[in-house]
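The next block is model-v6.tsv, given as TSV, C-alpha atoms.
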chain	number	residue	atom	x	y	z
A	1088	MET	CA	292.94	71.88	140.96
A	1089	GLN	CA	289.83	65.45	129.52
A	1090	HIS	CA	286.92	65.64	127.48
A	1091	PRO	CA	286.91	68.50	124.95
A	1092	ILE	CA	284.10	70.96	125.44
A	1093	SER	CA	281.11	70.42	123.14
A	1094	PRO	CA	278.63	72.98	121.78
A	1095	ALA	CA	276.04	71.60	124.19
A	1096	SER	CA	278.43	72.02	127.11
A	1097	THR	CA	279.20	75.56	126.00
A	1098	ALA	CA	275.52	76.43	126.01
A	1099	LEU	CA	275.15	74.97	129.51
A	1100	VAL	CA	278.11	76.95	130.82
A	1101	ILE	CA	276.92	80.21	129.31
A	1102	SER	CA	273.51	79.76	130.94
A	1103	PHE	CA	275.14	80.14	134.32
A	1104	LEU	CA	276.35	83.73	133.80
A	1105	ALA	CA	277.18	85.32	137.17
A	1106	ALA	CA	275.95	88.81	138.01
A	1107	SER	CA	278.16	89.30	141.09
A	1108	LEU	CA	281.19	87.91	142.84
A	1109	VAL	CA	280.08	87.59	146.44
A	1110	GLY	CA	282.23	84.51	146.91
A	1111	CYS	CA	285.60	86.02	146.11
A	1112	ASP	CA	285.60	88.68	148.85
A	1113	SER	CA	287.60	91.40	147.14
A	1114	SER	CA	287.52	95.14	146.66
A	1115	THR	CA	290.22	95.45	144.01
A	1116	THR	CA	288.98	94.60	140.53
A	1117	ARG	CA	290.44	95.19	137.09
A	1118	ASN	CA	288.65	94.45	133.83
A	1119	ALA	CA	290.15	91.96	131.43
A	1120	THR	CA	290.90	94.50	128.71
A	1121	ASP	CA	293.54	92.55	126.81
A	1122	PRO	CA	293.10	92.56	122.99
A	1123	GLY	CA	290.69	89.85	121.91
A	1124	THR	CA	289.18	89.33	125.36
A	1125	PRO	CA	285.38	89.22	125.05
A	1126	PRO	CA	283.21	91.14	127.51
A	1127	PHE	CA	281.87	89.13	130.39
A	1128	THR	CA	279.53	89.89	133.31
A	1129	SER	CA	280.76	92.19	136.06
A	1130	ALA	CA	281.60	91.09	139.60
A	1131	ALA	CA	281.94	92.77	142.98
A	1132	GLY	CA	283.04	91.92	146.53
A	1133	THR	CA	285.33	92.90	149.45
A	1134	GLY	CA	289.12	93.03	149.67
A	1135	ALA	CA	292.27	91.18	150.71
A	1136	THR	CA	295.93	90.99	149.65
A	1137	ALA	CA	298.37	88.62	147.95
A	1138	SER	CA	302.17	88.38	147.74
A	1139	PRO	CA	303.32	88.04	144.14
A	1140	GLY	CA	306.77	88.26	142.68
A	1141	ALA	CA	308.82	86.01	144.97
A	1142	SER	CA	310.48	84.29	142.02
A	1143	ALA	CA	309.87	83.75	138.33
A	1144	VAL	CA	308.57	80.61	136.65
A	1145	ALA	CA	308.62	79.59	132.99
A	1146	GLN	CA	306.41	81.91	130.97
A	1147	ASN	CA	305.46	80.27	127.69
A	1148	ALA	CA	304.19	82.49	124.91
A	1149	SER	CA	301.13	80.31	124.46
A	1150	ILE	CA	299.30	77.42	126.08
A	1151	PRO	CA	297.12	74.82	124.36
A	1152	GLY	CA	293.39	74.99	124.90
A	1153	THR	CA	293.31	71.86	127.02
A	1154	THR	CA	295.83	70.30	129.38
A	1155	PRO	CA	297.41	67.24	127.72
A	1156	GLY	CA	297.28	64.24	130.01
A	1157	ALA	CA	295.02	65.95	132.56
A	1158	PRO	CA	293.07	63.41	134.63
A	1159	THR	CA	289.40	62.89	133.89
A	1160	PRO	CA	287.40	63.68	137.04
A	1161	ASP	CA	284.88	61.20	138.34
A	1162	SER	CA	281.43	62.38	139.42
A	1163	LEU	CA	282.66	63.06	142.96
A	1164	HIS	CA	285.35	65.46	141.72
A	1165	LEU	CA	283.69	67.15	138.74
A	1166	LEU	CA	283.64	70.97	138.86
A	1167	SER	CA	280.80	72.82	137.14
A	1168	PRO	CA	279.06	76.15	137.78
A	1169	GLY	CA	277.98	76.16	141.42
A	1170	ARG	CA	278.93	72.52	142.00
A	1171	ALA	CA	281.86	70.46	143.22
A	1172	GLY	CA	281.00	66.78	143.00
A	1173	ARG	CA	277.83	66.24	145.03
A	1174	LEU	CA	278.11	69.61	146.79
A	1175	ARG	CA	276.02	72.47	145.45
A	1176	LEU	CA	276.20	76.14	146.42
A	1177	GLY	CA	273.12	77.08	148.40
A	1178	MET	CA	272.89	73.59	149.91
A	1179	ARG	CA	271.78	73.54	153.53
A	1180	ALA	CA	274.31	72.55	156.17
A	1181	ASP	CA	272.27	69.55	157.29
A	1182	ARG	CA	272.31	68.25	153.72
A	1183	ILE	CA	276.11	68.52	153.66
A	1184	THR	CA	276.43	66.49	156.85
A	1185	ALA	CA	274.02	63.92	155.42
A	1186	LEU	CA	276.12	63.51	152.26
A	1187	VAL	CA	279.61	63.61	153.79
A	1188	PRO	CA	280.65	61.15	156.53
A	1189	ALA	CA	281.34	62.88	159.84
A	1190	HIS	CA	284.95	61.69	160.00
A	1191	LEU	CA	285.70	63.59	156.78
A	1192	LEU	CA	284.37	66.92	158.09
A	1193	ARG	CA	286.08	69.21	160.59
A	1194	ALA	CA	284.08	72.16	161.87
A	1195	THR	CA	285.90	75.49	161.77
A	1196	THR	CA	285.11	79.18	161.18
A	1197	TYR	CA	286.01	82.06	158.86
A	1198	GLN	CA	285.79	85.84	159.05
A	1199	ASP	CA	283.36	87.85	156.96
A	1200	GLY	CA	284.09	91.45	157.93
A	1201	THR	CA	283.30	91.61	161.63
A	1202	LYS	CA	281.30	88.39	161.58
A	1203	THR	CA	282.59	84.96	162.47
A	1204	LEU	CA	280.75	82.34	160.42
A	1205	PRO	CA	280.88	78.53	160.40
A	1206	ALA	CA	282.84	76.50	157.87
A	1207	TYR	CA	283.98	72.93	157.27
A	1208	GLU	CA	287.27	71.43	156.18
A	1209	MET	CA	286.35	68.42	154.08
A	1210	ARG	CA	288.80	65.57	153.55
A	1211	ASP	CA	288.61	63.25	150.57
A	1212	ALA	CA	287.73	59.61	151.25
A	1213	GLN	CA	289.78	58.42	148.27
A	1214	ARG	CA	292.83	60.49	149.19
A	1215	PRO	CA	292.71	61.58	152.84
A	1216	ASP	CA	296.22	63.06	152.46
A	1217	ALA	CA	295.05	65.54	149.80
A	1218	PRO	CA	294.56	69.21	150.78
A	1219	PRO	CA	291.12	69.66	152.34
A	1220	THR	CA	288.29	71.43	150.55
A	1221	ILE	CA	287.02	74.45	152.48
A	1222	LEU	CA	283.26	74.98	152.71
A	1223	HIS	CA	282.10	78.45	153.81
A	1224	LEU	CA	278.57	78.71	155.21
A	1225	ILE	CA	276.32	81.72	155.60
A	1226	GLY	CA	273.11	82.29	157.54
A	1227	ASP	CA	272.20	82.24	161.21
A	1228	SER	CA	270.93	79.86	163.86
A	1229	ALA	CA	267.35	81.02	163.34
A	1230	THR	CA	267.09	80.51	159.59
A	1231	GLY	CA	269.80	77.86	159.25
A	1232	PHE	CA	273.12	77.85	157.39
A	1233	ARG	CA	273.75	77.14	153.72
A	1234	LEU	CA	276.81	76.65	151.55
A	1235	ARG	CA	278.08	80.05	150.40
A	1236	ARG	CA	281.31	79.20	148.57
A	1237	ILE	CA	283.83	76.43	148.09
A	1238	ARG	CA	287.63	76.68	148.10
A	1239	ILE	CA	289.39	73.81	146.37
A	1240	TYR	CA	293.08	72.92	146.67
A	1241	ASP	CA	292.80	69.21	145.84
A	1242	PRO	CA	294.03	68.50	142.27
A	1243	GLN	CA	291.53	65.66	141.91
A	1244	TYR	CA	288.78	68.25	141.33
A	1245	ARG	CA	288.59	69.25	137.65
A	1246	THR	CA	286.19	70.71	135.15
A	1247	ALA	CA	285.09	68.59	132.20
A	1248	GLU	CA	287.89	70.29	130.24
A	1249	GLY	CA	290.48	69.04	132.72
A	1250	ILE	CA	291.03	72.43	134.44
A	1251	GLY	CA	291.88	72.40	138.13
A	1252	VAL	CA	294.71	72.84	140.62
A	1253	GLY	CA	298.00	72.45	138.75
A	1254	SER	CA	296.60	73.49	135.37
A	1255	PRO	CA	298.16	76.39	133.45
A	1256	PHE	CA	296.19	79.62	133.67
A	1257	GLY	CA	296.23	79.94	129.87
A	1258	ALA	CA	294.17	76.77	129.49
A	1259	ALA	CA	291.58	78.03	131.97
A	1260	ARG	CA	291.35	81.38	130.24
A	1261	GLN	CA	291.00	79.90	126.76
A	1262	ASN	CA	288.41	77.28	127.73
A	1263	LEU	CA	286.43	79.02	130.46
A	1264	GLY	CA	286.88	82.73	129.87
A	1265	LEU	CA	288.17	85.64	131.94
A	1266	THR	CA	286.05	88.35	133.49
A	1267	LYS	CA	288.38	90.19	135.86
A	1268	VAL	CA	291.45	89.88	138.05
A	1269	ARG	CA	291.24	90.68	141.75
A	1270	ASN	CA	292.60	90.03	145.20
A	1271	THR	CA	290.79	87.51	147.40
A	1272	PRO	CA	291.45	86.13	150.87
A	1273	ALA	CA	292.78	83.05	149.09
A	1274	GLY	CA	295.24	85.07	146.97
A	1275	PHE	CA	295.42	86.86	143.63
A	1276	ALA	CA	292.77	85.35	141.37
A	1277	ALA	CA	291.46	85.49	137.83
A	1278	VAL	CA	287.68	85.36	137.68
A	1279	SER	CA	285.52	83.63	135.08
A	1280	GLY	CA	282.01	84.97	135.44
A	1281	GLU	CA	280.75	82.50	132.83
A	1282	VAL	CA	281.34	79.52	135.07
A	1283	GLN	CA	281.23	81.26	138.48
A	1284	MET	CA	284.79	80.19	139.28
A	1285	ALA	CA	287.96	82.05	140.20
A	1286	TRP	CA	291.45	80.68	139.61
A	1287	VAL	CA	293.99	81.44	142.33
A	1288	ILE	CA	297.34	82.04	140.62
A	1289	ASP	CA	300.73	80.92	141.95
A	1290	PRO	CA	302.16	84.18	143.36
A	1291	ASN	CA	305.67	83.16	142.28
A	1292	SER	CA	304.60	83.52	138.65
A	1293	LEU	CA	303.28	87.08	138.97
A	1294	PRO	CA	305.18	90.33	138.39
A	1295	ALA	CA	307.05	91.75	141.37
A	1296	LYS	CA	304.60	94.57	141.95
A	1297	HIS	CA	301.63	95.30	144.18
A	1298	PRO	CA	298.65	93.04	143.33
A	1299	GLU	CA	296.44	96.08	142.69
A	1300	GLU	CA	298.77	97.08	139.86
A	1301	ILE	CA	298.76	93.71	138.06
A	1302	SER	CA	296.66	93.50	134.91
A	1303	SER	CA	295.26	90.35	133.38
A	1304	ALA	CA	297.69	90.71	130.45
A	1305	GLU	CA	300.60	90.30	132.88
A	1306	ILE	CA	299.55	86.84	134.05
A	1307	PRO	CA	301.75	84.38	132.14
A	1308	PRO	CA	299.75	81.69	130.29
A	1309	ALA	CA	302.02	79.09	131.94
A	1310	ALA	CA	301.29	80.35	135.48
A	1311	ARG	CA	299.96	77.50	137.60
A	1312	ILE	CA	296.57	77.45	139.26
A	1313	THR	CA	296.95	76.77	142.99
A	1314	GLY	CA	293.30	76.95	144.00
A	1315	VAL	CA	289.78	77.11	142.58
A	1316	LEU	CA	287.03	79.20	144.17
A	1317	LEU	CA	283.36	78.51	143.49
A	1318	TYR	CA	280.95	81.35	144.28
A	1319	GLN	CA	277.46	82.64	143.62

Would you mind writing the file out in structure tokens?
Amino acid sequence: MQHPISPASTALVISFLAASLVGCDSSTTRNATDPGTPPFTSAAGTGATASPGASAVAQNASIPGTTPGAPTPDSLHLLSPGRAGRLRLGMRADRITALVPAHLLRATTYQDGTKTLPAYEMRDAQRPDAPPTILHLIGDSATGFRLRRIRIYDPQYRTAEGIGVGSPFGAARQNLGLTKVRNTPAGFAAVSGEVQMAWVIDPNSLPAKHPEEISSAEIPPAARITGVLLYQ
């Protein structure tokens, strides 16, 4: 939404430290101040809301570091800092259309404040019934458009550690870190500045309180990830 992480992989991940969270579009941010949580880079953005607390799910006291039995992603579905398969943040729109067959792309738009900007819904050739991946573009007609952020709901997309849609939040936190929690247009999310990814959390697993009042310590380790956001 696997191979164990190696020291070399850790060094590569850490090299992609994010200085800001433009891609998560949120104004409400809370530091991950739970005991034992290491400091990570800060993030900033603009706001939205989520709807937690509809019903409870199992809340295990602990979650293993990796997800047993998680599928190993192929090169087309591997998530890494700034990349989802062959797509790379900052990529020009014409490069996207050159890589992805036209029948798998549907042009759409999204709102960025008062601006309406172009986007694509991208279907998967291997599983056309899977939820589409959303590609947000930024730019203008004069300078051209480039890939600003990626929203992933397809469980085929995974990190090398096996983290993706359907994974428990505890595994993502243990393997990939936690910077902050915040609201995004996609829902309540936990942000890992180390890997420039945010994990959208199943709202049914969150406390029945306003999202702005939820701390990172209140996210159950067993809470399921329902989406992955890649940002710069």

Taking only C-alpha atoms into account, produce a table as a Markdown table in which each residue of segment 1186-1258 of chain A with an atom at most 9 Å from an atom of segment 1263-1278 of chain A appears once, together with its shortest atom pair and the distance in Å to one decimal, ordered by chain and rising number.
| residue | atom | partner | partner_atom | distance |
| --- | --- | --- | --- | --- |
| A:Arg1238 | CA | A:Ala1273 | CA | 8.3 |
| A:Glu1248 | CA | A:Leu1263 | CA | 8.9 |
| A:Ile1250 | CA | A:Leu1263 | CA | 9.0 |
| A:Phe1256 | CA | A:Ala1277 | CA | 8.6 |
| A:Ala1258 | CA | A:Leu1263 | CA | 8.1 |

Quick one: contact table of segment 1182-1293 of chain A to segment 1314-1319 of chain A, 8 Å max, nearest atom pair and distance in Å to one decimal per residue, counting only C-alpha atoms, chain and number order, as a Markdown table?
| residue | atom | partner | partner_atom | distance |
| --- | --- | --- | --- | --- |
| A:Arg1235 | CA | A:Tyr1318 | CA | 6.9 |
| A:Arg1236 | CA | A:Tyr1318 | CA | 4.8 |
| A:Ile1237 | CA | A:Leu1317 | CA | 5.1 |
| A:Arg1238 | CA | A:Leu1316 | CA | 4.7 |
| A:Ile1239 | CA | A:Val1315 | CA | 5.0 |
| A:Tyr1240 | CA | A:Gly1314 | CA | 4.8 |
| A:Asp1241 | CA | A:Gly1314 | CA | 8.0 |
| A:Gly1251 | CA | A:Val1315 | CA | 6.8 |
| A:Val1252 | CA | A:Gly1314 | CA | 5.5 |
| A:Ala1273 | CA | A:Gly1314 | CA | 8.0 |
| A:Gln1283 | CA | A:Tyr1318 | CA | 5.8 |
| A:Met1284 | CA | A:Leu1317 | CA | 4.8 |
| A:Ala1285 | CA | A:Leu1316 | CA | 5.0 |
| A:Trp1286 | CA | A:Val1315 | CA | 4.9 |
| A:Val1287 | CA | A:Gly1314 | CA | 4.8 |
| A:Ile1288 | CA | A:Gly1314 | CA | 7.3 |

Contacts of Tyr1244 of chain A at 7 Å (all atoms listed in the file; same-chain gap of 4+ positions) as a short mmCIF file (atom, residue, chain, number, x, y, z; two decimals) with C-alpha atoms, in the frame of the given file:
data_model
loop_
_atom_site.label_atom_id
_atom_site.label_comp_id
_atom_site.auth_asym_id
_atom_site.auth_seq_id
_atom_site.Cartn_x
_atom_site.Cartn_y
_atom_site.Cartn_z
CA MET A 1088 292.94 71.88 140.96
CA PRO A 1160 287.40 63.68 137.04
CA HIS A 1164 285.35 65.46 141.72
CA LEU A 1165 283.69 67.15 138.74
CA LEU A 1166 283.64 70.97 138.86
CA GLY A 1251 291.88 72.40 138.13
#

Considering only C-alpha atoms, state which residue in the set A:Thr1203, A:Ser1162, A:Gln1243, A:Gln1213 is at the smallest distance from Ile1225 of chain A.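 Of A:Thr1203, A:Ser1162, A:Gln1243, A:Gln1213, the one nearest Ile1225 of chain A is A:Thr1203, counting only C-alpha atoms.
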
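Relative to atom CA of Glu1208 of chain A, atom CA of Thr1159 of chain A is found at 24.0 Å.
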
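When only C-alpha atoms are used to measure the gap to Arg1193 of chain A, the shortest distance among A:Gly1280, A:Pro1219, A:Gly1169, A:Gly1257 belongs to A:Pro1219.
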
With only C-alpha atoms as the basis for distance, which of A:Ser1167, A:Ser1254, A:Ser1228, A:Thr1313 is at the shortest distance from Glu1281 of chain A?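 So, comparing all the options, the nearest one is A:Ser1167.
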
Kindly give the distance, in Å, that separates atom CA of Arg1311 of chain A and atom CA of Tyr1197 of chain A, rounded to a single decimal.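 Atom CA of Arg1311 of chain A sits 25.8 Å away from atom CA of Tyr1197 of chain A.
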
So, with only C-alpha atoms as the atoms that count, which of A:Pro1242, A:Gly1253, A:Val1282, A:Gln1261 lies closest to Ile1312 of chain A? A:Gly1253

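Our summary of the geometry notes that atom CA of Pro1205 of chain A is positioned 14.9 Å from atom CA of Leu1176 of chain A.
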